[in-house]
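J.: Structure supplied as upload23.cif; contents: mmCIF, N, CA and C atoms.
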data_structure
#
loop_
_atom_site.group_PDB
_atom_site.id
_atom_site.type_symbol
_atom_site.label_atom_id
_atom_site.label_comp_id
_atom_site.auth_asym_id
_atom_site.auth_seq_id
_atom_site.Cartn_x
_atom_site.Cartn_y
_atom_site.Cartn_z
ATOM 1 N N MET A 228 -1.371 -4.509 2.708
ATOM 2 C CA MET A 228 -0.829 -4.166 3.998
ATOM 3 C C MET A 228 -0.706 -2.650 4.180
ATOM 4 N N PHE A 229 -0.273 -1.933 3.143
ATOM 5 C CA PHE A 229 -0.020 -0.501 3.281
ATOM 6 C C PHE A 229 -1.266 0.366 3.069
ATOM 7 N N GLU A 230 -2.386 -0.241 2.662
ATOM 8 C CA GLU A 230 -3.577 0.547 2.306
ATOM 9 C C GLU A 230 -4.046 1.464 3.423
ATOM 10 N N ASN A 231 -4.002 1.002 4.653
ATOM 11 C CA ASN A 231 -4.558 1.768 5.765
ATOM 12 C C ASN A 231 -3.492 2.507 6.567
ATOM 13 N N MET A 232 -2.314 2.637 5.996
ATOM 14 C CA MET A 232 -1.218 3.301 6.699
ATOM 15 C C MET A 232 -0.981 4.692 6.123
ATOM 16 N N SER A 233 -0.518 5.584 6.973
ATOM 17 C CA SER A 233 -0.147 6.920 6.501
ATOM 18 C C SER A 233 1.173 6.821 5.738
ATOM 19 N N PRO A 234 1.467 7.806 4.896
ATOM 20 C CA PRO A 234 2.744 7.781 4.175
ATOM 21 C C PRO A 234 3.953 7.671 5.108
ATOM 22 N N SER A 235 3.926 8.372 6.236
ATOM 23 C CA SER A 235 5.071 8.289 7.155
ATOM 24 C C SER A 235 5.166 6.912 7.797
ATOM 25 N N ALA A 236 4.030 6.269 8.060
ATOM 26 C CA ALA A 236 4.045 4.916 8.620
ATOM 27 C C ALA A 236 4.591 3.917 7.599
ATOM 28 N N VAL A 237 4.248 4.103 6.330
ATOM 29 C CA VAL A 237 4.789 3.240 5.267
ATOM 30 C C VAL A 237 6.301 3.423 5.188
ATOM 31 N N ALA A 238 6.763 4.674 5.237
ATOM 32 C CA ALA A 238 8.201 4.952 5.182
ATOM 33 C C ALA A 238 8.924 4.308 6.361
ATOM 34 N N GLU A 239 8.334 4.389 7.547
ATOM 35 C CA GLU A 239 8.941 3.763 8.726
ATOM 36 C C GLU A 239 9.004 2.251 8.573
ATOM 37 N N GLU A 240 7.967 1.651 8.038
ATOM 38 C CA GLU A 240 7.957 0.200 7.820
ATOM 39 C C GLU A 240 9.027 -0.206 6.811
ATOM 40 N N LEU A 241 9.164 0.557 5.738
ATOM 41 C CA LEU A 241 10.209 0.262 4.757
ATOM 42 C C LEU A 241 11.591 0.413 5.387
ATOM 43 N N GLY A 242 11.750 1.395 6.254
ATOM 44 C CA GLY A 242 13.008 1.573 6.975
ATOM 45 C C GLY A 242 13.320 0.378 7.862
ATOM 46 N N ARG A 243 12.300 -0.126 8.556
ATOM 47 C CA ARG A 243 12.490 -1.326 9.392
ATOM 48 C C ARG A 243 12.892 -2.519 8.539
ATOM 49 N N ARG A 244 12.302 -2.623 7.362
ATOM 50 C CA ARG A 244 12.635 -3.738 6.467
ATOM 51 C C ARG A 244 14.068 -3.636 5.958
ATOM 52 N N ILE A 245 14.510 -2.425 5.667
ATOM 53 C CA ILE A 245 15.901 -2.226 5.249
ATOM 54 C C ILE A 245 16.838 -2.652 6.378
ATOM 55 N N LYS A 246 16.523 -2.223 7.590
ATOM 56 C CA LYS A 246 17.365 -2.574 8.736
ATOM 57 C C LYS A 246 17.413 -4.085 8.921
ATOM 58 N N ARG A 247 16.263 -4.740 8.840
ATOM 59 C CA ARG A 247 16.204 -6.194 9.007
ATOM 60 C C ARG A 247 17.018 -6.881 7.909
ATOM 61 N N ALA A 248 16.917 -6.420 6.683
ATOM 62 C CA ALA A 248 17.681 -7.008 5.573
ATOM 63 C C ALA A 248 19.178 -6.824 5.800
ATOM 64 N N ARG A 249 19.564 -5.657 6.297
ATOM 65 C CA ARG A 249 20.982 -5.405 6.586
ATOM 66 C C ARG A 249 21.481 -6.339 7.681
ATOM 67 N N LEU A 250 20.697 -6.474 8.739
ATOM 68 C CA LEU A 250 21.093 -7.356 9.838
ATOM 69 C C LEU A 250 21.128 -8.815 9.392
ATOM 70 N N ASN A 251 20.162 -9.225 8.585
ATOM 71 C CA ASN A 251 20.152 -10.600 8.069
ATOM 72 C C ASN A 251 21.378 -10.880 7.205
ATOM 73 N N ALA A 252 21.880 -9.844 6.538
ATOM 74 C CA ALA A 252 23.080 -9.984 5.714
ATOM 75 C C ALA A 252 24.351 -9.855 6.557
ATOM 76 N N ASN A 253 24.168 -9.607 7.868
ATOM 77 C CA ASN A 253 25.285 -9.459 8.802
ATOM 78 C C ASN A 253 26.229 -8.330 8.376
ATOM 79 N N VAL A 254 25.612 -7.200 8.025
ATOM 80 C CA VAL A 254 26.357 -6.018 7.578
ATOM 81 C C VAL A 254 26.089 -4.899 8.579
ATOM 82 N N THR A 255 27.147 -4.221 9.014
ATOM 83 C CA THR A 255 26.968 -3.092 9.921
ATOM 84 C C THR A 255 26.551 -1.859 9.124
ATOM 85 N N GLN A 256 26.033 -0.873 9.837
ATOM 86 C CA GLN A 256 25.688 0.382 9.178
ATOM 87 C C GLN A 256 26.928 1.009 8.548
ATOM 88 N N LYS A 257 28.051 0.923 9.240
ATOM 89 C CA LYS A 257 29.298 1.495 8.718
ATOM 90 C C LYS A 257 29.724 0.776 7.441
ATOM 91 N N GLU A 258 29.633 -0.549 7.428
ATOM 92 C CA GLU A 258 30.004 -1.310 6.232
ATOM 93 C C GLU A 258 29.092 -0.971 5.058
ATOM 94 N N LEU A 259 27.796 -0.830 5.341
ATOM 95 C CA LEU A 259 26.849 -0.470 4.286
ATOM 96 C C LEU A 259 27.144 0.935 3.768
ATOM 97 N N SER A 260 27.487 1.819 4.683
ATOM 98 C CA SER A 260 27.848 3.185 4.310
ATOM 99 C C SER A 260 29.052 3.187 3.366
ATOM 100 N N GLU A 261 30.065 2.423 3.719
ATOM 101 C CA GLU A 261 31.273 2.356 2.887
ATOM 102 C C GLU A 261 30.991 1.701 1.538
ATOM 103 N N ALA A 262 30.162 0.663 1.535
ATOM 104 C CA ALA A 262 29.865 -0.057 0.289
ATOM 105 C C ALA A 262 29.041 0.783 -0.679
ATOM 106 N N THR A 263 28.179 1.638 -0.141
ATOM 107 C CA THR A 263 27.296 2.435 -0.992
ATOM 108 C C THR A 263 27.843 3.824 -1.298
ATOM 109 N N GLY A 264 28.791 4.283 -0.489
ATOM 110 C CA GLY A 264 29.280 5.650 -0.648
ATOM 111 C C GLY A 264 28.363 6.671 -0.002
ATOM 112 N N LEU A 265 27.385 6.193 0.755
ATOM 113 C CA LEU A 265 26.470 7.084 1.469
ATOM 114 C C LEU A 265 27.031 7.368 2.857
ATOM 115 N N SER A 266 26.630 8.478 3.436
ATOM 116 C CA SER A 266 27.082 8.788 4.790
ATOM 117 C C SER A 266 26.409 7.851 5.789
ATOM 118 N N LEU A 267 27.037 7.718 6.950
ATOM 119 C CA LEU A 267 26.463 6.894 8.012
ATOM 120 C C LEU A 267 25.100 7.444 8.428
ATOM 121 N N ASN A 268 24.981 8.774 8.464
ATOM 122 C CA ASN A 268 23.695 9.393 8.805
ATOM 123 C C ASN A 268 22.619 9.056 7.777
ATOM 124 N N ALA A 269 22.996 8.976 6.503
ATOM 125 C CA ALA A 269 22.020 8.620 5.461
ATOM 126 C C ALA A 269 21.495 7.205 5.694
ATOM 127 N N ILE A 270 22.374 6.293 6.092
ATOM 128 C CA ILE A 270 21.964 4.914 6.384
ATOM 129 C C ILE A 270 21.034 4.898 7.592
ATOM 130 N N LYS A 271 21.421 5.606 8.649
ATOM 131 C CA LYS A 271 20.600 5.651 9.868
ATOM 132 C C LYS A 271 19.224 6.247 9.577
ATOM 133 N N ASN A 272 19.201 7.323 8.806
ATOM 134 C CA ASN A 272 17.923 7.952 8.464
ATOM 135 C C ASN A 272 17.054 7.026 7.626
ATOM 136 N N ALA A 273 17.662 6.307 6.699
ATOM 137 C CA ALA A 273 16.899 5.374 5.860
ATOM 138 C C ALA A 273 16.249 4.301 6.717
ATOM 139 N N GLU A 274 16.959 3.835 7.722
ATOM 140 C CA GLU A 274 16.415 2.800 8.602
ATOM 141 C C GLU A 274 15.316 3.334 9.507
ATOM 142 N N LYS A 275 15.213 4.651 9.616
ATOM 143 C CA LYS A 275 14.123 5.278 10.366
ATOM 144 C C LYS A 275 12.973 5.666 9.443
ATOM 145 N N GLY A 276 13.146 5.415 8.137
ATOM 146 C CA GLY A 276 12.115 5.783 7.175
ATOM 147 C C GLY A 276 12.189 7.233 6.757
ATOM 148 N N LYS A 277 13.351 7.836 6.912
ATOM 149 C CA LYS A 277 13.522 9.253 6.590
ATOM 150 C C LYS A 277 14.646 9.420 5.578
ATOM 151 N N SER A 278 14.424 8.919 4.375
ATOM 152 C CA SER A 278 15.460 9.044 3.349
ATOM 153 C C SER A 278 14.854 9.501 2.034
ATOM 154 N N GLN A 279 15.724 9.978 1.167
ATOM 155 C CA GLN A 279 15.294 10.339 -0.172
ATOM 156 C C GLN A 279 15.192 9.065 -1.002
ATOM 157 N N LEU A 280 14.431 9.140 -2.065
ATOM 158 C CA LEU A 280 14.195 7.963 -2.897
ATOM 159 C C LEU A 280 15.492 7.393 -3.456
ATOM 160 N N ASP A 281 16.392 8.243 -3.932
ATOM 161 C CA ASP A 281 17.639 7.719 -4.502
ATOM 162 C C ASP A 281 18.484 7.007 -3.450
ATOM 163 N N THR A 282 18.489 7.507 -2.219
ATOM 164 C CA THR A 282 19.208 6.844 -1.128
ATOM 165 C C THR A 282 18.596 5.480 -0.850
ATOM 166 N N PHE A 283 17.284 5.431 -0.789
ATOM 167 C CA PHE A 283 16.565 4.174 -0.565
ATOM 168 C C PHE A 283 16.925 3.155 -1.648
ATOM 169 N N ILE A 284 16.924 3.589 -2.891
ATOM 170 C CA ILE A 284 17.217 2.686 -4.015
ATOM 171 C C ILE A 284 18.654 2.176 -3.942
ATOM 172 N N ILE A 285 19.599 3.047 -3.626
ATOM 173 C CA ILE A 285 21.005 2.632 -3.510
ATOM 174 C C ILE A 285 21.151 1.548 -2.448
ATOM 175 N N ILE A 286 20.510 1.745 -1.301
ATOM 176 C CA ILE A 286 20.604 0.768 -0.213
ATOM 177 C C ILE A 286 19.949 -0.547 -0.607
ATOM 178 N N VAL A 287 18.757 -0.475 -1.176
ATOM 179 C CA VAL A 287 18.044 -1.688 -1.593
ATOM 180 C C VAL A 287 18.875 -2.481 -2.603
ATOM 181 N N MET A 288 19.484 -1.790 -3.540
ATOM 182 C CA MET A 288 20.307 -2.469 -4.546
ATOM 183 C C MET A 288 21.548 -3.096 -3.910
ATOM 184 N N GLN A 289 22.188 -2.385 -2.995
ATOM 185 C CA GLN A 289 23.388 -2.908 -2.336
ATOM 186 C C GLN A 289 23.060 -4.145 -1.495
ATOM 187 N N LEU A 290 21.862 -4.181 -0.913
ATOM 188 C CA LEU A 290 21.464 -5.326 -0.092
ATOM 189 C C LEU A 290 20.963 -6.497 -0.935
ATOM 190 N N GLY A 291 20.955 -6.322 -2.254
ATOM 191 C CA GLY A 291 20.614 -7.430 -3.148
ATOM 192 C C GLY A 291 19.139 -7.581 -3.458
ATOM 193 N N PHE A 292 18.391 -6.506 -3.342
ATOM 194 C CA PHE A 292 16.959 -6.572 -3.610
ATOM 195 C C PHE A 292 16.558 -5.807 -4.866
ATOM 196 N N SER A 293 17.453 -5.736 -5.839
ATOM 197 C CA SER A 293 17.167 -5.025 -7.088
ATOM 198 C C SER A 293 15.951 -5.595 -7.800
ATOM 199 N N GLU A 294 15.812 -6.910 -7.778
ATOM 200 C CA GLU A 294 14.683 -7.567 -8.460
ATOM 201 C C GLU A 294 13.346 -7.077 -7.902
ATOM 202 N N GLN A 295 13.278 -6.848 -6.598
ATOM 203 C CA GLN A 295 12.026 -6.429 -5.975
ATOM 204 C C GLN A 295 11.633 -5.002 -6.345
ATOM 205 N N LEU A 296 12.590 -4.203 -6.799
ATOM 206 C CA LEU A 296 12.252 -2.835 -7.196
ATOM 207 C C LEU A 296 11.255 -2.820 -8.349
ATOM 208 N N SER A 297 11.335 -3.813 -9.234
ATOM 209 C CA SER A 297 10.383 -3.856 -10.350
ATOM 210 C C SER A 297 8.977 -4.195 -9.869
ATOM 211 N N LEU A 298 8.862 -4.781 -8.680
ATOM 212 C CA LEU A 298 7.549 -5.087 -8.116
ATOM 213 C C LEU A 298 6.964 -3.890 -7.370
ATOM 214 N N PHE A 299 7.821 -2.939 -7.044
ATOM 215 C CA PHE A 299 7.417 -1.760 -6.280
ATOM 216 C C PHE A 299 6.282 -1.023 -6.983
ATOM 217 N N ILE A 300 6.488 -0.680 -8.227
ATOM 218 C CA ILE A 300 5.446 -0.124 -9.091
ATOM 219 C C ILE A 300 5.579 -0.865 -10.410
ATOM 220 N N PRO A 301 4.709 -1.841 -10.646
ATOM 221 C CA PRO A 301 4.837 -2.663 -11.858
ATOM 222 C C PRO A 301 4.762 -1.822 -13.134
ATOM 223 N N GLU A 302 5.425 -2.314 -14.173
ATOM 224 C CA GLU A 302 5.382 -1.672 -15.490
ATOM 225 C C GLU A 302 3.926 -1.551 -15.932
ATOM 226 N N GLN A 303 3.566 -0.394 -16.418
ATOM 227 C CA GLN A 303 2.198 -0.137 -16.856
ATOM 228 C C GLN A 303 2.132 -0.177 -18.377
ATOM 229 N N SER A 304 1.131 -0.849 -18.885
ATOM 230 C CA SER A 304 0.949 -0.877 -20.334
ATOM 231 C C SER A 304 -0.358 -0.179 -20.688
ATOM 232 N N LEU A 305 -0.430 0.293 -21.900
ATOM 233 C CA LEU A 305 -1.646 0.949 -22.375
ATOM 234 C C LEU A 305 -2.647 -0.100 -22.823
ATOM 235 N N SER A 306 -3.906 0.190 -22.596
ATOM 236 C CA SER A 306 -4.940 -0.725 -23.064
ATOM 237 C C SER A 306 -5.045 -0.612 -24.585
ATOM 238 N N PRO A 307 -5.524 -1.647 -25.251
ATOM 239 C CA PRO A 307 -5.692 -1.577 -26.706
ATOM 240 C C PRO A 307 -6.564 -0.397 -27.138
ATOM 241 N N MET A 308 -7.578 -0.065 -26.352
ATOM 242 C CA MET A 308 -8.453 1.067 -26.695
ATOM 243 C C MET A 308 -7.688 2.390 -26.615
ATOM 244 N N GLN A 309 -6.844 2.541 -25.594
ATOM 245 C CA GLN A 309 -6.054 3.765 -25.490
ATOM 246 C C GLN A 309 -5.103 3.892 -26.675
ATOM 247 N N LEU A 310 -4.462 2.789 -27.048
ATOM 248 C CA LEU A 310 -3.554 2.809 -28.195
ATOM 249 C C LEU A 310 -4.288 3.187 -29.473
ATOM 250 N N LEU A 311 -5.487 2.649 -29.650
ATOM 251 C CA LEU A 311 -6.275 2.947 -30.832
ATOM 252 C C LEU A 311 -6.630 4.429 -30.874
ATOM 253 N N LYS A 312 -7.084 4.980 -29.739
ATOM 254 C CA LYS A 312 -7.439 6.395 -29.675
ATOM 255 C C LYS A 312 -6.236 7.293 -29.948
ATOM 256 N N MET A 313 -5.088 6.877 -29.477
ATOM 257 C CA MET A 313 -3.889 7.702 -29.621
ATOM 258 C C MET A 313 -3.109 7.352 -30.877
ATOM 259 N N GLN A 314 -3.617 6.449 -31.652
ATOM 260 C CA GLN A 314 -2.996 6.030 -32.912
ATOM 261 C C GLN A 314 -1.558 5.556 -32.688
ATOM 262 N N GLY A 315 -1.370 4.767 -31.617
ATOM 263 C CA GLY A 315 -0.074 4.158 -31.344
ATOM 264 C C GLY A 315 0.922 5.032 -30.614
ATOM 265 N N LYS A 316 0.567 6.293 -30.317
ATOM 266 C CA LYS A 316 1.490 7.188 -29.626
ATOM 267 C C LYS A 316 1.421 6.939 -28.117
ATOM 268 N N GLN A 317 2.540 7.118 -27.441
ATOM 269 C CA GLN A 317 2.579 6.982 -25.986
ATOM 270 C C GLN A 317 2.018 8.247 -25.339
ATOM 271 N N ARG A 318 1.336 8.089 -24.203
ATOM 272 C CA ARG A 318 0.846 9.247 -23.463
ATOM 273 C C ARG A 318 2.010 9.996 -22.855
ATOM 274 N N LYS A 319 1.936 11.309 -22.914
ATOM 275 C CA LYS A 319 2.978 12.147 -22.328
ATOM 276 C C LYS A 319 2.464 12.896 -21.104
ATOM 277 N N ARG A 320 1.151 13.057 -20.994
ATOM 278 C CA ARG A 320 0.573 13.751 -19.845
ATOM 279 C C ARG A 320 -0.849 13.274 -19.614
ATOM 280 N N ALA A 321 -1.343 13.525 -18.425
ATOM 281 C CA ALA A 321 -2.710 13.142 -18.079
ATOM 282 C C ALA A 321 -3.675 14.166 -18.652
ATOM 283 N N SER A 322 -4.880 13.734 -18.938
ATOM 284 C CA SER A 322 -5.884 14.668 -19.428
ATOM 285 C C SER A 322 -6.395 15.490 -18.260
ATOM 286 N N SER A 323 -6.818 16.719 -18.549
ATOM 287 C CA SER A 323 -7.289 17.590 -17.479
ATOM 288 C C SER A 323 -8.626 17.089 -16.972
ATOM 289 N N SER A 324 -8.879 17.408 -15.706
ATOM 290 C CA SER A 324 -10.151 17.021 -15.104
ATOM 291 C C SER A 324 -10.677 18.194 -14.310
ATOM 292 N N ASP A 325 -11.858 18.043 -13.800
ATOM 293 C CA ASP A 325 -12.492 19.086 -13.014
ATOM 294 C C ASP A 325 -11.671 19.312 -11.744
ATOM 295 N N SER A 326 -11.155 20.536 -11.550
ATOM 296 C CA SER A 326 -10.288 20.810 -10.401
ATOM 297 C C SER A 326 -11.033 20.675 -9.082
ATOM 298 N N SER A 327 -12.342 20.905 -9.051
ATOM 299 C CA SER A 327 -13.088 20.754 -7.803
ATOM 300 C C SER A 327 -13.117 19.295 -7.376
ATOM 301 N N GLU A 328 -13.151 18.386 -8.353
ATOM 302 C CA GLU A 328 -13.132 16.955 -8.043
ATOM 303 C C GLU A 328 -11.796 16.570 -7.415
ATOM 304 N N ILE A 329 -10.710 17.115 -7.926
ATOM 305 C CA ILE A 329 -9.380 16.834 -7.384
ATOM 306 C C ILE A 329 -9.271 17.390 -5.973
ATOM 307 N N ASN A 330 -9.750 18.616 -5.768
ATOM 308 C CA ASN A 330 -9.673 19.227 -4.444
ATOM 309 C C ASN A 330 -10.465 18.439 -3.418
ATOM 310 N N GLU A 331 -11.616 17.888 -3.812
ATOM 311 C CA GLU A 331 -12.408 17.091 -2.886
ATOM 312 C C GLU A 331 -11.675 15.818 -2.503
ATOM 313 N N LYS A 332 -11.003 15.183 -3.450
ATOM 314 C CA LYS A 332 -10.262 13.957 -3.166
ATOM 315 C C LYS A 332 -9.061 14.232 -2.280
ATOM 316 N N ALA A 333 -8.474 15.421 -2.382
ATOM 317 C CA ALA A 333 -7.243 15.728 -1.662
ATOM 318 C C ALA A 333 -7.488 16.133 -0.217
ATOM 319 N N LYS A 334 -8.726 16.401 0.163
ATOM 320 C CA LYS A 334 -9.005 16.816 1.536
ATOM 321 C C LYS A 334 -8.740 15.668 2.488
ATOM 322 N N TRP A 335 -8.089 15.984 3.602
ATOM 323 C CA TRP A 335 -7.753 14.965 4.596
ATOM 324 C C TRP A 335 -8.795 15.037 5.643
#
Can I see the file as structure tokens?
T.:
Amino acid sequence: MFENMSPSAVAEELGRRIKRARLNANVTQKELSEATGLSLNAIKNAEKGKSQLDTFIIIVMQLGFSEQLSLFIPEQSLSPMQLLKMQGKQRKRASSSDSSEINEKAKW
């Protein structure tokens, strides 16, 4: 669903979903603000898709969707070949690549 959307459109859609979840739970913005310790403006901004990640997470958790956060970006595991090459060590950084290739991908 989100593949063909701009980042701001995705944020707005997530904001709409937060608002719908809040309304389905029959919770006012003020009640959610008090329950989370966030300002009323932070709640309003989140519902418009204009919030910081930590604010978004606090609201999602308060609305009872903590389980879905693990689906947001699934846990990543290393392939057996990567583990063999690294002799069982976890990766700490990405390998460098041709900067011209990155610049070409980043052009809008």
J.: Which residue, A:Pro307, A:Ser233, A:Gly291, A:Thr282, has the smallest gap to Leu265 (chain A) when you use only N, CA and C atoms?
T.: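 Selected residue with least distance to Leu265 (chain A): A:Thr282.
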J.: If we count only C-alpha atoms, what is near Glu239 (chain A) at a cut-off of 9 Å, once residues fewer than 4 positions away on the same chain are taken out, given as a PDB file with N, CA and C atoms, in the frame of the given file?
T.:
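Output file out-v7.pdb is given in full below:
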ATOM      1  N   PRO A 234       1.467   7.806   4.896  1.00  0.00           N
ATOM      2  CA  PRO A 234       2.744   7.781   4.175  1.00  0.00           C
ATOM      3  C   PRO A 234       3.953   7.671   5.108  1.00  0.00           C
ATOM      4  N   SER A 235       3.926   8.372   6.236  1.00  0.00           N
ATOM      5  CA  SER A 235       5.071   8.289   7.155  1.00  0.00           C
ATOM      6  C   SER A 235       5.166   6.912   7.797  1.00  0.00           C
ATOM      7  N   ARG A 243      12.300  -0.126   8.556  1.00  0.00           N
ATOM      8  CA  ARG A 243      12.490  -1.326   9.392  1.00  0.00           C
ATOM      9  C   ARG A 243      12.892  -2.519   8.539  1.00  0.00           C
ATOM     10  N   ARG A 244      12.302  -2.623   7.362  1.00  0.00           N
ATOM     11  CA  ARG A 244      12.635  -3.738   6.467  1.00  0.00           C
ATOM     12  C   ARG A 244      14.068  -3.636   5.958  1.00  0.00           C
ATOM     13  N   ALA A 273      17.662   6.307   6.699  1.00  0.00           N
ATOM     14  CA  ALA A 273      16.899   5.374   5.860  1.00  0.00           C
ATOM     15  C   ALA A 273      16.249   4.301   6.717  1.00  0.00           C
ATOM     16  N   GLU A 274      16.959   3.835   7.722  1.00  0.00           N
ATOM     17  CA  GLU A 274      16.415   2.800   8.602  1.00  0.00           C
ATOM     18  C   GLU A 274      15.316   3.334   9.507  1.00  0.00           C
ATOM     19  N   LYS A 275      15.213   4.651   9.616  1.00  0.00           N
ATOM     20  CA  LYS A 275      14.123   5.278  10.366  1.00  0.00           C
ATOM     21  C   LYS A 275      12.973   5.666   9.443  1.00  0.00           C
ATOM     22  N   GLY A 276      13.146   5.415   8.137  1.00  0.00           N
ATOM     23  CA  GLY A 276      12.115   5.783   7.175  1.00  0.00           C
ATOM     24  C   GLY A 276      12.189   7.233   6.757  1.00  0.00           C
ATOM     25  N   LYS A 277      13.351   7.836   6.912  1.00  0.00           N
ATOM     26  CA  LYS A 277      13.522   9.253   6.590  1.00  0.00           C
ATOM     27  C   LYS A 277      14.646   9.420   5.578  1.00  0.00           C
TER      28      LYS A 277
END
J.: How many Å lie between atom N of Gln279 (chain A) and atom C of Gln303 (chain A), rounded to one decimal?
T.: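 Atom C of Gln303 (chain A) lies 25.9 Å from atom N of Gln279 (chain A).
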J.: Just the number, please: distance in Å from atom N of Leu241 (chain A) to CA of Asn272 (chain A), one decimal.
T.: 11.8 Å
J.: Just to confirm, what's the straight-line distance from atom N of Glu302 (chain A) to CA of Ala262 (chain A) in Å (one decimal)?
T.: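 So the answer is 28.5 Å.
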J.: Looking only at the backbone, which of the residues in region 229-269 of chain A does DSSP tag as helix (DSSP H, G or I), as a ChimeraX atom specification?
T.: /A:234-251,256-263,267-269
J.: Which of these residues is nearest to Leu290 (chain A), using all atoms listed in the file: A:Asn231, A:Met313, A:Gly242, A:Ala248?
T.: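 Ranking A:Asn231, A:Met313, A:Gly242, A:Ala248 by distance to Leu290 (chain A), first place goes to A:Ala248.
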J.: Name the closest residue to Thr255 (chain A) among the candidates A:Lys271, A:Asp281, A:Leu311, A:Glu240; distances are taken between atoms, counting only C-alpha atoms.
T.: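 The closest residue to Thr255 (chain A) is A:Lys271.
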J.: Draw an axis-aligned box over all listed atoms of region 307-310 of chain A, pad each side with 8 Å, and write its centre and edge lengths in Å, one decimal, as lines of an AutoDock Vina configuration file.
T.:
center_x = -6.0
center_y = 1.1
center_z = -27.4
size_x = 20.9
size_y = 21.5
size_z = 20.2
J.: Closest to Ile285 (chain A) among A:Ser297, A:Ile245, A:Ser304, A:Thr263, using all atoms listed in the file?
T.: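 Going through A:Ser297, A:Ile245, A:Ser304, A:Thr263 one by one, the smallest distance to Ile285 (chain A) is for A:Thr263.
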